[in-house]
Each structure stands twice: as C-alpha cells, then as structure tokens.
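K.L.:
Contents are mmCIF, N, CA and C atoms; file name work_27.cif:
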```
data_target
#
loop_
_atom_site.label_atom_id
_atom_site.label_comp_id
_atom_site.auth_asym_id
_atom_site.auth_seq_id
_atom_site.Cartn_x
_atom_site.Cartn_y
_atom_site.Cartn_z
N MET A 1 0.85 -1.17 0.00
CA MET A 1 0.00 0.00 0.00
C MET A 1 0.89 1.24 0.00
N THR A 2 0.52 2.23 -0.75
CA THR A 2 1.28 3.47 -0.84
C THR A 2 0.65 4.54 0.03
N HIS A 3 1.46 5.17 0.85
CA HIS A 3 1.03 6.28 1.69
C HIS A 3 1.79 7.52 1.23
N HIS A 4 1.06 8.56 0.89
CA HIS A 4 1.69 9.80 0.44
C HIS A 4 1.98 10.70 1.63
N SER A 5 2.92 11.62 1.46
CA SER A 5 3.28 12.51 2.55
C SER A 5 2.39 13.74 2.57
N LYS A 6 2.39 14.41 3.72
CA LYS A 6 1.65 15.65 3.87
C LYS A 6 2.32 16.74 3.05
N VAL A 7 1.51 17.69 2.63
CA VAL A 7 2.03 18.85 1.92
C VAL A 7 2.25 19.95 2.95
N ASP A 8 3.48 20.44 3.02
CA ASP A 8 3.82 21.48 3.99
C ASP A 8 3.56 22.85 3.38
N VAL A 9 2.93 23.72 4.15
CA VAL A 9 2.57 25.05 3.69
C VAL A 9 3.81 25.89 3.40
N TYR A 10 4.84 25.78 4.22
CA TYR A 10 6.05 26.58 4.04
C TYR A 10 6.81 26.19 2.78
N ILE A 11 6.89 24.91 2.48
CA ILE A 11 7.56 24.46 1.26
C ILE A 11 6.77 24.94 0.04
N MET A 12 5.44 24.82 0.11
CA MET A 12 4.61 25.30 -1.01
C MET A 12 4.77 26.80 -1.21
N ALA A 13 4.86 27.57 -0.13
CA ALA A 13 5.05 29.02 -0.24
C ALA A 13 6.40 29.33 -0.87
N ALA A 14 7.44 28.59 -0.48
CA ALA A 14 8.77 28.81 -1.07
C ALA A 14 8.78 28.48 -2.55
N ILE A 15 8.08 27.41 -2.93
CA ILE A 15 8.00 27.03 -4.35
C ILE A 15 7.25 28.10 -5.13
N LEU A 16 6.14 28.58 -4.60
CA LEU A 16 5.39 29.63 -5.29
C LEU A 16 6.19 30.92 -5.41
N LEU A 17 6.94 31.27 -4.38
CA LEU A 17 7.80 32.45 -4.43
C LEU A 17 8.88 32.29 -5.50
N ALA A 18 9.49 31.12 -5.57
CA ALA A 18 10.52 30.87 -6.57
C ALA A 18 9.93 30.90 -7.98
N ILE A 19 8.72 30.40 -8.16
CA ILE A 19 8.06 30.47 -9.46
C ILE A 19 7.79 31.92 -9.83
N GLY A 20 7.35 32.73 -8.86
CA GLY A 20 7.11 34.15 -9.12
C GLY A 20 8.38 34.87 -9.54
N VAL A 21 9.48 34.61 -8.84
CA VAL A 21 10.76 35.24 -9.20
C VAL A 21 11.22 34.74 -10.57
N PHE A 22 11.00 33.46 -10.85
CA PHE A 22 11.38 32.89 -12.14
C PHE A 22 10.61 33.55 -13.28
N LEU A 23 9.30 33.76 -13.09
CA LEU A 23 8.47 34.38 -14.12
C LEU A 23 8.77 35.86 -14.31
N LEU A 24 9.29 36.51 -13.28
CA LEU A 24 9.64 37.93 -13.39
C LEU A 24 10.95 38.13 -14.16
N GLY A 25 11.64 37.05 -14.48
CA GLY A 25 12.80 37.15 -15.34
C GLY A 25 14.14 36.89 -14.68
N ASP A 26 14.20 36.57 -13.42
CA ASP A 26 15.47 36.30 -12.77
C ASP A 26 15.74 34.79 -12.80
N TYR A 27 16.01 34.29 -14.03
CA TYR A 27 16.13 32.85 -14.26
C TYR A 27 17.31 32.22 -13.54
N TRP A 28 18.44 32.90 -13.47
CA TRP A 28 19.67 32.31 -12.94
C TRP A 28 19.62 32.13 -11.44
N ILE A 29 18.79 32.89 -10.77
CA ILE A 29 18.67 32.73 -9.32
C ILE A 29 17.52 31.78 -8.98
N ALA A 30 16.36 32.03 -9.57
CA ALA A 30 15.17 31.28 -9.21
C ALA A 30 15.17 29.87 -9.80
N GLY A 31 15.77 29.68 -10.95
CA GLY A 31 15.77 28.37 -11.61
C GLY A 31 16.39 27.27 -10.76
N PRO A 32 17.66 27.44 -10.34
CA PRO A 32 18.28 26.40 -9.50
C PRO A 32 17.58 26.21 -8.15
N ILE A 33 17.13 27.32 -7.55
CA ILE A 33 16.42 27.21 -6.27
C ILE A 33 15.12 26.44 -6.44
N LEU A 34 14.38 26.73 -7.51
CA LEU A 34 13.13 26.02 -7.79
C LEU A 34 13.39 24.54 -8.03
N LEU A 35 14.44 24.23 -8.76
CA LEU A 35 14.77 22.83 -9.02
C LEU A 35 15.09 22.09 -7.72
N ILE A 36 15.89 22.70 -6.87
CA ILE A 36 16.25 22.06 -5.60
C ILE A 36 15.01 21.88 -4.72
N LEU A 37 14.16 22.90 -4.64
CA LEU A 37 12.94 22.78 -3.83
C LEU A 37 12.03 21.67 -4.34
N LEU A 38 11.87 21.59 -5.65
CA LEU A 38 11.00 20.55 -6.21
C LEU A 38 11.59 19.15 -6.00
N LEU A 39 12.91 19.02 -6.13
CA LEU A 39 13.52 17.71 -5.90
C LEU A 39 13.43 17.28 -4.45
N CYS A 40 13.58 18.23 -3.53
CA CYS A 40 13.54 17.89 -2.11
C CYS A 40 12.12 17.67 -1.60
N ALA A 41 11.16 18.40 -2.14
CA ALA A 41 9.80 18.34 -1.63
C ALA A 41 8.97 17.22 -2.25
N TYR A 42 9.23 16.86 -3.49
CA TYR A 42 8.39 15.89 -4.18
C TYR A 42 9.25 15.00 -5.03
N PRO A 43 8.93 13.78 -5.26
CA PRO A 43 7.84 13.01 -4.67
C PRO A 43 8.27 12.39 -3.35
N GLN A 44 7.38 12.36 -2.42
CA GLN A 44 7.60 11.66 -1.15
C GLN A 44 6.46 10.67 -0.97
N SER A 45 6.84 9.44 -0.70
CA SER A 45 5.82 8.42 -0.45
C SER A 45 6.43 7.32 0.41
N TYR A 46 5.56 6.58 1.04
CA TYR A 46 5.94 5.49 1.92
C TYR A 46 5.15 4.27 1.48
N VAL A 47 5.87 3.25 1.01
CA VAL A 47 5.24 2.07 0.42
C VAL A 47 5.50 0.87 1.31
N THR A 48 4.44 0.17 1.69
CA THR A 48 4.59 -1.07 2.44
C THR A 48 4.63 -2.22 1.43
N THR A 49 5.74 -2.92 1.42
CA THR A 49 5.95 -4.04 0.51
C THR A 49 6.07 -5.32 1.33
N PRO A 50 6.08 -6.48 0.70
CA PRO A 50 6.27 -7.72 1.46
C PRO A 50 7.61 -7.77 2.19
N LYS A 51 8.64 -7.10 1.69
CA LYS A 51 9.96 -7.13 2.32
C LYS A 51 10.11 -6.11 3.43
N GLY A 52 9.46 -4.97 3.32
CA GLY A 52 9.63 -3.92 4.33
C GLY A 52 9.01 -2.61 3.87
N LEU A 53 9.25 -1.58 4.66
CA LEU A 53 8.77 -0.24 4.37
C LEU A 53 9.77 0.47 3.48
N VAL A 54 9.31 0.96 2.34
CA VAL A 54 10.16 1.70 1.41
C VAL A 54 9.81 3.17 1.54
N VAL A 55 10.80 3.98 1.91
CA VAL A 55 10.62 5.42 2.04
C VAL A 55 11.27 6.06 0.83
N ARG A 56 10.45 6.71 -0.01
CA ARG A 56 10.95 7.40 -1.20
C ARG A 56 10.85 8.89 -0.94
N ALA A 57 12.00 9.56 -0.96
CA ALA A 57 12.04 11.00 -0.74
C ALA A 57 13.12 11.58 -1.63
N ALA A 58 12.75 12.60 -2.39
CA ALA A 58 13.66 13.26 -3.32
C ALA A 58 14.26 12.22 -4.26
N LEU A 59 15.55 12.09 -4.27
CA LEU A 59 16.22 11.14 -5.15
C LEU A 59 16.67 9.89 -4.42
N THR A 60 16.21 9.69 -3.19
CA THR A 60 16.64 8.54 -2.40
C THR A 60 15.49 7.56 -2.20
N LYS A 61 15.87 6.33 -1.93
CA LYS A 61 14.91 5.28 -1.61
C LYS A 61 15.53 4.40 -0.54
N VAL A 62 14.83 4.28 0.61
CA VAL A 62 15.35 3.52 1.75
C VAL A 62 14.39 2.37 2.03
N LEU A 63 14.93 1.15 2.15
CA LEU A 63 14.12 -0.02 2.51
C LEU A 63 14.41 -0.36 3.96
N ILE A 64 13.35 -0.39 4.78
CA ILE A 64 13.47 -0.74 6.19
C ILE A 64 12.73 -2.07 6.40
N PRO A 65 13.45 -3.15 6.68
CA PRO A 65 12.78 -4.44 6.91
C PRO A 65 11.88 -4.35 8.15
N TYR A 66 10.73 -4.99 8.08
CA TYR A 66 9.78 -4.96 9.21
C TYR A 66 10.39 -5.55 10.47
N GLU A 67 11.20 -6.58 10.34
CA GLU A 67 11.78 -7.24 11.50
C GLU A 67 12.73 -6.32 12.26
N ALA A 68 13.30 -5.34 11.56
CA ALA A 68 14.27 -4.44 12.19
C ALA A 68 13.61 -3.27 12.92
N ILE A 69 12.33 -3.05 12.70
CA ILE A 69 11.63 -1.92 13.32
C ILE A 69 11.34 -2.22 14.78
N SER A 70 11.72 -1.29 15.66
CA SER A 70 11.49 -1.48 17.09
C SER A 70 10.54 -0.45 17.68
N TYR A 71 10.23 0.62 16.95
CA TYR A 71 9.35 1.67 17.48
C TYR A 71 8.75 2.45 16.32
N ILE A 72 7.45 2.74 16.44
CA ILE A 72 6.76 3.63 15.52
C ILE A 72 5.87 4.51 16.38
N GLY A 73 6.09 5.81 16.34
CA GLY A 73 5.29 6.71 17.16
C GLY A 73 5.52 8.16 16.82
N PRO A 74 4.76 9.05 17.45
CA PRO A 74 4.88 10.49 17.15
C PRO A 74 6.24 11.04 17.57
N ALA A 75 6.70 12.02 16.82
CA ALA A 75 7.99 12.67 17.12
C ALA A 75 7.88 14.14 16.75
N ALA A 76 7.22 14.92 17.56
CA ALA A 76 6.99 16.33 17.25
C ALA A 76 8.19 17.21 17.53
N GLU A 77 9.14 16.76 18.36
CA GLU A 77 10.24 17.63 18.76
C GLU A 77 11.46 17.54 17.85
N ASP A 78 11.50 16.60 16.91
CA ASP A 78 12.68 16.40 16.08
C ASP A 78 12.45 16.90 14.66
N ARG A 79 13.56 17.10 13.94
CA ARG A 79 13.49 17.48 12.54
C ARG A 79 14.37 16.54 11.73
N ASP A 80 13.98 16.27 10.50
CA ASP A 80 14.72 15.37 9.65
C ASP A 80 14.54 15.77 8.20
N LYS A 81 15.42 15.31 7.33
CA LYS A 81 15.36 15.70 5.93
C LYS A 81 14.22 15.03 5.18
N PHE A 82 13.65 13.95 5.68
CA PHE A 82 12.59 13.27 4.98
C PHE A 82 11.21 13.81 5.34
N SER A 83 11.12 14.73 6.25
CA SER A 83 9.83 15.23 6.70
C SER A 83 9.91 16.72 6.96
N PHE A 84 9.00 17.48 6.37
CA PHE A 84 9.04 18.92 6.51
C PHE A 84 7.93 19.46 7.40
N THR A 85 6.99 18.65 7.82
CA THR A 85 5.88 19.13 8.62
C THR A 85 6.15 18.88 10.10
N ALA A 86 5.32 19.50 10.93
CA ALA A 86 5.49 19.34 12.38
C ALA A 86 4.83 18.06 12.89
N ASP A 87 3.92 17.49 12.15
CA ASP A 87 3.17 16.30 12.56
C ASP A 87 3.87 15.06 12.00
N ARG A 88 4.95 14.64 12.64
CA ARG A 88 5.79 13.58 12.11
C ARG A 88 5.68 12.29 12.92
N ILE A 89 6.14 11.22 12.29
CA ILE A 89 6.19 9.90 12.92
C ILE A 89 7.63 9.44 12.90
N ARG A 90 8.11 8.96 14.06
CA ARG A 90 9.47 8.42 14.16
C ARG A 90 9.40 6.91 14.01
N ILE A 91 10.29 6.39 13.19
CA ILE A 91 10.44 4.95 13.03
C ILE A 91 11.87 4.61 13.42
N GLN A 92 12.02 3.84 14.49
CA GLN A 92 13.34 3.39 14.91
C GLN A 92 13.54 1.97 14.41
N TYR A 93 14.73 1.73 13.86
CA TYR A 93 15.04 0.40 13.33
C TYR A 93 16.53 0.13 13.50
N GLY A 94 16.88 -1.12 13.45
CA GLY A 94 18.28 -1.49 13.62
C GLY A 94 18.76 -1.19 15.03
N LEU A 95 20.07 -1.08 15.18
CA LEU A 95 20.64 -0.83 16.50
C LEU A 95 20.50 0.63 16.91
N ALA A 96 20.75 1.56 16.00
CA ALA A 96 20.71 2.97 16.37
C ALA A 96 20.27 3.85 15.20
N SER A 97 19.33 3.38 14.41
CA SER A 97 18.87 4.14 13.25
C SER A 97 17.42 4.55 13.45
N ASP A 98 17.10 5.73 12.94
CA ASP A 98 15.71 6.16 12.94
C ASP A 98 15.48 7.09 11.77
N ILE A 99 14.20 7.27 11.45
CA ILE A 99 13.81 8.12 10.34
C ILE A 99 12.50 8.80 10.74
N LEU A 100 12.31 10.02 10.29
CA LEU A 100 11.08 10.75 10.56
C LEU A 100 10.33 10.92 9.25
N ILE A 101 9.04 10.59 9.29
CA ILE A 101 8.21 10.72 8.10
C ILE A 101 6.91 11.42 8.48
N ALA A 102 6.14 11.85 7.47
CA ALA A 102 4.87 12.54 7.72
C ALA A 102 3.83 12.06 6.72
N PRO A 103 3.20 10.91 6.98
CA PRO A 103 2.15 10.44 6.06
C PRO A 103 0.90 11.32 6.16
N ALA A 104 0.21 11.45 5.05
CA ALA A 104 -0.99 12.29 5.00
C ALA A 104 -2.09 11.73 5.90
N ASN A 105 -2.25 10.41 5.91
CA ASN A 105 -3.26 9.77 6.75
C ASN A 105 -2.55 8.91 7.79
N ARG A 106 -2.33 9.49 8.97
CA ARG A 106 -1.60 8.79 10.03
C ARG A 106 -2.29 7.51 10.48
N ASN A 107 -3.61 7.55 10.61
CA ASN A 107 -4.36 6.39 11.09
C ASN A 107 -4.23 5.21 10.14
N ALA A 108 -4.34 5.47 8.84
CA ALA A 108 -4.20 4.39 7.85
C ALA A 108 -2.78 3.85 7.86
N PHE A 109 -1.79 4.72 8.03
CA PHE A 109 -0.40 4.27 8.07
C PHE A 109 -0.16 3.40 9.30
N PHE A 110 -0.65 3.83 10.48
CA PHE A 110 -0.47 3.04 11.69
C PHE A 110 -1.18 1.68 11.57
N ALA A 111 -2.38 1.67 11.01
CA ALA A 111 -3.10 0.40 10.85
C ALA A 111 -2.35 -0.53 9.91
N ASP A 112 -1.83 0.01 8.83
CA ASP A 112 -1.08 -0.81 7.88
C ASP A 112 0.20 -1.35 8.51
N MET A 113 0.91 -0.52 9.24
CA MET A 113 2.14 -0.96 9.89
C MET A 113 1.87 -1.95 11.02
N ALA A 114 0.76 -1.78 11.74
CA ALA A 114 0.41 -2.72 12.81
C ALA A 114 0.16 -4.12 12.25
N LYS A 115 -0.43 -4.20 11.07
CA LYS A 115 -0.67 -5.50 10.44
C LYS A 115 0.64 -6.15 10.01
N ARG A 116 1.60 -5.34 9.59
CA ARG A 116 2.84 -5.88 9.02
C ARG A 116 3.95 -6.08 10.05
N THR A 117 3.76 -5.56 11.25
CA THR A 117 4.77 -5.72 12.31
C THR A 117 4.13 -6.38 13.53
N PRO A 118 3.89 -7.69 13.46
CA PRO A 118 3.24 -8.37 14.58
C PRO A 118 4.10 -8.44 15.83
N HIS A 119 5.41 -8.18 15.72
CA HIS A 119 6.29 -8.20 16.88
C HIS A 119 6.19 -6.92 17.71
N LEU A 120 5.46 -5.93 17.23
CA LEU A 120 5.27 -4.67 17.97
C LEU A 120 3.89 -4.66 18.62
N MET A 121 3.84 -4.09 19.83
CA MET A 121 2.57 -3.98 20.55
C MET A 121 2.06 -2.54 20.47
N LYS A 122 0.75 -2.40 20.37
CA LYS A 122 0.16 -1.07 20.35
C LYS A 122 0.05 -0.55 21.78
N ARG A 123 0.61 0.64 22.01
CA ARG A 123 0.53 1.31 23.31
C ARG A 123 0.17 2.77 23.06
N GLY A 124 -1.11 3.07 23.16
CA GLY A 124 -1.58 4.43 22.86
C GLY A 124 -1.42 4.73 21.38
N GLN A 125 -0.68 5.78 21.08
CA GLN A 125 -0.42 6.15 19.69
C GLN A 125 0.91 5.60 19.19
N ARG A 126 1.44 4.60 19.85
CA ARG A 126 2.75 4.07 19.52
C ARG A 126 2.66 2.56 19.26
N LEU A 127 3.60 2.10 18.44
CA LEU A 127 3.84 0.68 18.28
C LEU A 127 5.26 0.45 18.81
N THR A 128 5.39 -0.32 19.87
CA THR A 128 6.71 -0.56 20.48
C THR A 128 6.97 -2.05 20.59
N ALA A 129 8.24 -2.37 20.77
CA ALA A 129 8.64 -3.76 20.93
C ALA A 129 8.07 -4.29 22.24
N ALA A 130 7.73 -5.56 22.26
CA ALA A 130 7.10 -6.17 23.42
C ALA A 130 8.00 -6.16 24.65
N PHE A 131 9.31 -6.22 24.44
CA PHE A 131 10.24 -6.26 25.56
C PHE A 131 10.61 -4.88 26.08
N ALA A 132 10.16 -3.80 25.41
CA ALA A 132 10.53 -2.44 25.84
C ALA A 132 9.64 -1.94 26.95
#
```
How would this structure read if it were set down as structure tokens?
P.N.:
Amino acid sequence: MTHHSKVDVYIMAAILLAIGVFLLGDYWIAGPILLILLLCAYPQSYVTTPKGLVVRAALTKVLIPYEAISYIGPAAEDRDKFSFTADRIRIQYGLASDILIAPANRNAFFADMAKRTPHLMKRGQRLTAAFA
C-alpha cells in the first residue's frame, strides 16, 4: 500500500515564491532554487511491501525491513530531511537508526504498519517492541 506525505505550507510558499521570481525574469537565481525545492519536496511516499517499508524522498529510496523496526510513534520535537511538517512519525530500526516521516493519513499508516509488524505492541499512539 502506498502512503503519500503531507504537503507542507512553508515548502509550497517557497516554491510559489521561486516560481514568481522565475516568471519575473530572474532565471539564474530562481531556476536552480526552484529545481532544488521541487527535488527535495516531491515526490515523497511510503510504500509497504512484502519485504519492508520503502521510504521514497527526493532522489533517495530507503528499505526498512519490518523485523528491524522497534518503534513507531509520534515525534513532534525532532526534525529530519525526509519530513518537513510538524506532525511527524518516528520509526526506529536497527541498533541505532531512525527516520522521521509525515504520512498524510496517520491512522491508515499506523493500521497498515500494525498489520505488518506483529512483533510490535500497540501502546496508545505508539507501536513498540514487546520487551521495551
């Protein structure tokens, strides 16, 4: 199942501003900035596959095996390159790795991940390892 990311108002405002500057004729400044903003902001999606969670952001693609995930829950205090909004979800995996994402429909994402990670227990708005 594919989960799309939230659209951030600030990124959209920056893109619209860069388009305005580009149309006013300042191509050499606005062109590269617009290209970088578009590459960083879109496309972002989170795909649940039989092997694991695939996070597609900008020009990168990260596969996180379900067995390696130890925590899925809200992370409002942190910032990361894969998520531009304040309403983010932290996914901890491996020994010391984590990633922050912002799916458009959090409830559908949590339900999908709960089905695919039976080793995690639901505790409030979090999915955590049973031994934690």
K.L.:
For the atom pair atom N of A:Arg123 and atom CA of A:Ile64, what is the interatomic distance in Å to one decimal place?
P.N.:
20.4 Å
K.L.:
Using only C-alpha atoms, which of the listed residues (A:Pro74, A:Met12, A:Lys6, A:Val47) sits closest to A:Val62?
P.N.:
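Smallest distance to A:Val62 is found for A:Val47.
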K.L.:
Padding of 6 Å on every side, edges along x, y and z, all listed atoms of stretch 14-18 of chain A included: what centre and edge lengths in Å, to one decimal, does that box have, as lines of an AutoDock Vina configuration file?
P.N.:
```
center_x = 8.0
center_y = 29.7
center_z = -4.2
size_x = 17.1
size_y = 17.4
size_z = 19.5
```
K.L.:
Between atom CA of A:Tyr66 and atom CA of A:Gly124, measure the distance and give it in Å to one decimal.
P.N.:
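Atom CA of A:Tyr66 sits 20.1 Å away from atom CA of A:Gly124.
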K.L.:
On this file, the PyMOL selection byres (((chain A and resi 49-57 and name CA) around 9) and name CA) gives some set of residues; write that set as a CSV table (one decimal) with N, CA and C atoms, in the coordinates of the input.
P.N.:
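Here's the written file expr-v5.csv:
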```
chain,number,residue,atom,x,y,z
A,1,MET,N,0.8,-1.2,0.0
A,1,MET,CA,0.0,0.0,0.0
A,1,MET,C,0.9,1.2,0.0
A,2,THR,N,0.5,2.2,-0.8
A,2,THR,CA,1.3,3.5,-0.8
A,2,THR,C,0.6,4.5,0.0
A,39,LEU,N,12.9,19.0,-6.1
A,39,LEU,CA,13.5,17.7,-5.9
A,39,LEU,C,13.4,17.3,-4.4
A,40,CYS,N,13.6,18.2,-3.5
A,40,CYS,CA,13.5,17.9,-2.1
A,40,CYS,C,12.1,17.7,-1.6
A,41,ALA,N,11.2,18.4,-2.1
A,41,ALA,CA,9.8,18.3,-1.6
A,41,ALA,C,9.0,17.2,-2.2
A,42,TYR,N,9.2,16.9,-3.5
A,42,TYR,CA,8.4,15.9,-4.2
A,42,TYR,C,9.2,15.0,-5.0
A,43,PRO,N,8.9,13.8,-5.3
A,43,PRO,CA,7.8,13.0,-4.7
A,43,PRO,C,8.3,12.4,-3.4
A,44,GLN,N,7.4,12.4,-2.4
A,44,GLN,CA,7.6,11.7,-1.2
A,44,GLN,C,6.5,10.7,-1.0
A,45,SER,N,6.8,9.4,-0.7
A,45,SER,CA,5.8,8.4,-0.4
A,45,SER,C,6.4,7.3,0.4
A,46,TYR,N,5.6,6.6,1.0
A,46,TYR,CA,5.9,5.5,1.9
A,46,TYR,C,5.2,4.3,1.5
A,47,VAL,N,5.9,3.2,1.0
A,47,VAL,CA,5.2,2.1,0.4
A,47,VAL,C,5.5,0.9,1.3
A,48,THR,N,4.4,0.2,1.7
A,48,THR,CA,4.6,-1.1,2.4
A,48,THR,C,4.6,-2.2,1.4
A,58,ALA,N,12.8,12.6,-2.4
A,58,ALA,CA,13.7,13.3,-3.3
A,58,ALA,C,14.3,12.2,-4.3
A,59,LEU,N,15.6,12.1,-4.3
A,59,LEU,CA,16.2,11.1,-5.2
A,59,LEU,C,16.7,9.9,-4.4
A,60,THR,N,16.2,9.7,-3.2
A,60,THR,CA,16.6,8.5,-2.4
A,60,THR,C,15.5,7.6,-2.2
A,61,LYS,N,15.9,6.3,-1.9
A,61,LYS,CA,14.9,5.3,-1.6
A,61,LYS,C,15.5,4.4,-0.5
A,62,VAL,N,14.8,4.3,0.6
A,62,VAL,CA,15.4,3.5,1.8
A,62,VAL,C,14.4,2.4,2.0
A,63,LEU,N,14.9,1.2,2.2
A,63,LEU,CA,14.1,0.0,2.5
A,63,LEU,C,14.4,-0.4,4.0
A,64,ILE,N,13.4,-0.4,4.8
A,64,ILE,CA,13.5,-0.7,6.2
A,64,ILE,C,12.7,-2.1,6.4
A,65,PRO,N,13.4,-3.2,6.7
A,65,PRO,CA,12.8,-4.4,6.9
A,65,PRO,C,11.9,-4.4,8.2
A,66,TYR,N,10.7,-5.0,8.1
A,66,TYR,CA,9.8,-5.0,9.2
A,66,TYR,C,10.4,-5.6,10.5
A,67,GLU,N,11.2,-6.6,10.3
A,67,GLU,CA,11.8,-7.2,11.5
A,67,GLU,C,12.7,-6.3,12.3
A,81,LYS,N,15.4,15.3,7.3
A,81,LYS,CA,15.4,15.7,5.9
A,81,LYS,C,14.2,15.0,5.2
A,82,PHE,N,13.6,14.0,5.7
A,82,PHE,CA,12.6,13.3,5.0
A,82,PHE,C,11.2,13.8,5.3
A,83,SER,N,11.1,14.7,6.2
A,83,SER,CA,9.8,15.2,6.7
A,83,SER,C,9.9,16.7,7.0
A,101,ILE,N,9.0,10.6,9.3
A,101,ILE,CA,8.2,10.7,8.1
A,101,ILE,C,6.9,11.4,8.5
A,113,MET,N,0.9,-0.5,9.2
A,113,MET,CA,2.1,-1.0,9.9
A,113,MET,C,1.9,-2.0,11.0
A,116,ARG,N,1.6,-5.3,9.6
A,116,ARG,CA,2.8,-5.9,9.0
A,116,ARG,C,4.0,-6.1,10.0
```
K.L.:
What separation in Å, quoted to one decimal, exists between atom CA of A:Ala75 and atom CA of A:Ile91?
P.N.:
9.1 Å
K.L.:
As an NGL selection string, please: every residue in chain A that a backbone DSSP assignment puts in alpha helix (DSSP H).
P.N.:
:A and (9-23 or 27-41 or 106-116)
K.L.:
Set the distance at 5 Å and use all atoms listed in the file: which residues neighbour A:Ala102 once local chain neighbours fewer than 2 positions away are removed? I'd like the list as a VMD selection string.
P.N.:
chain A and resid 5 to 6 88 to 89 100 104
K.L.:
Restricting the calculation to all atoms listed in the file, which member of A:Gly25, A:Pro118, A:Gly73, A:Gly20 is positioned closest to A:Gln92?
P.N.:
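Of A:Gly25, A:Pro118, A:Gly73, A:Gly20, the one nearest A:Gln92, counting all atoms listed in the file, is A:Gly73.
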K.L.:
Any idea what's packed within 9 Å of A:Phe110, counting only C-alpha atoms, ignoring anything in its chain fewer than 6 positions away? Could you give it as a count of residues only?
P.N.:
5
K.L.:
Would you pick out the contacts of stretch 128-132 of chain A at 6 Å or less, using only C-alpha atoms, so that residues sharing its chain but fewer than 2 positions from it are not included, and give the list as a PDB file with N, CA and C atoms, keeping the file's coordinate frame?
P.N.:
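Output file result13.pdb follows:
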```pdb
ATOM      1  N   SER A  70      11.720  -1.290  15.660  1.00  0.00           N
ATOM      2  CA  SER A  70      11.490  -1.480  17.090  1.00  0.00           C
ATOM      3  C   SER A  70      10.540  -0.450  17.680  1.00  0.00           C
ATOM      4  N   TYR A  71      10.230   0.620  16.950  1.00  0.00           N
ATOM      5  CA  TYR A  71       9.350   1.670  17.480  1.00  0.00           C
ATOM      6  C   TYR A  71       8.750   2.450  16.320  1.00  0.00           C
ATOM      7  N   LEU A 120       5.460  -5.930  17.230  1.00  0.00           N
ATOM      8  CA  LEU A 120       5.270  -4.670  17.970  1.00  0.00           C
ATOM      9  C   LEU A 120       3.890  -4.660  18.620  1.00  0.00           C
ATOM     10  N   MET A 121       3.840  -4.090  19.830  1.00  0.00           N
ATOM     11  CA  MET A 121       2.570  -3.980  20.550  1.00  0.00           C
ATOM     12  C   MET A 121       2.060  -2.540  20.470  1.00  0.00           C
TER      13      MET A 121
END
```
K.L.:
If you run DSSP over the backbone, which residues in stretch 5-132 of chain A end up strand (DSSP E or B)? Put them as an MDAnalysis selection string.
P.N.:
chainID A and resid 5 44:48 52:57 60:65 69:74 80 83 89:93 97:101 103 120:123 126:129
K.L.:
Do a neighbour search on A:Phe22 at 10 Å with only C-alpha atoms, toss out local chain neighbours closer than 4 positions, and write the hits as a PyMOL selection string.
P.N.:
chain A and resi 16-18+26-34
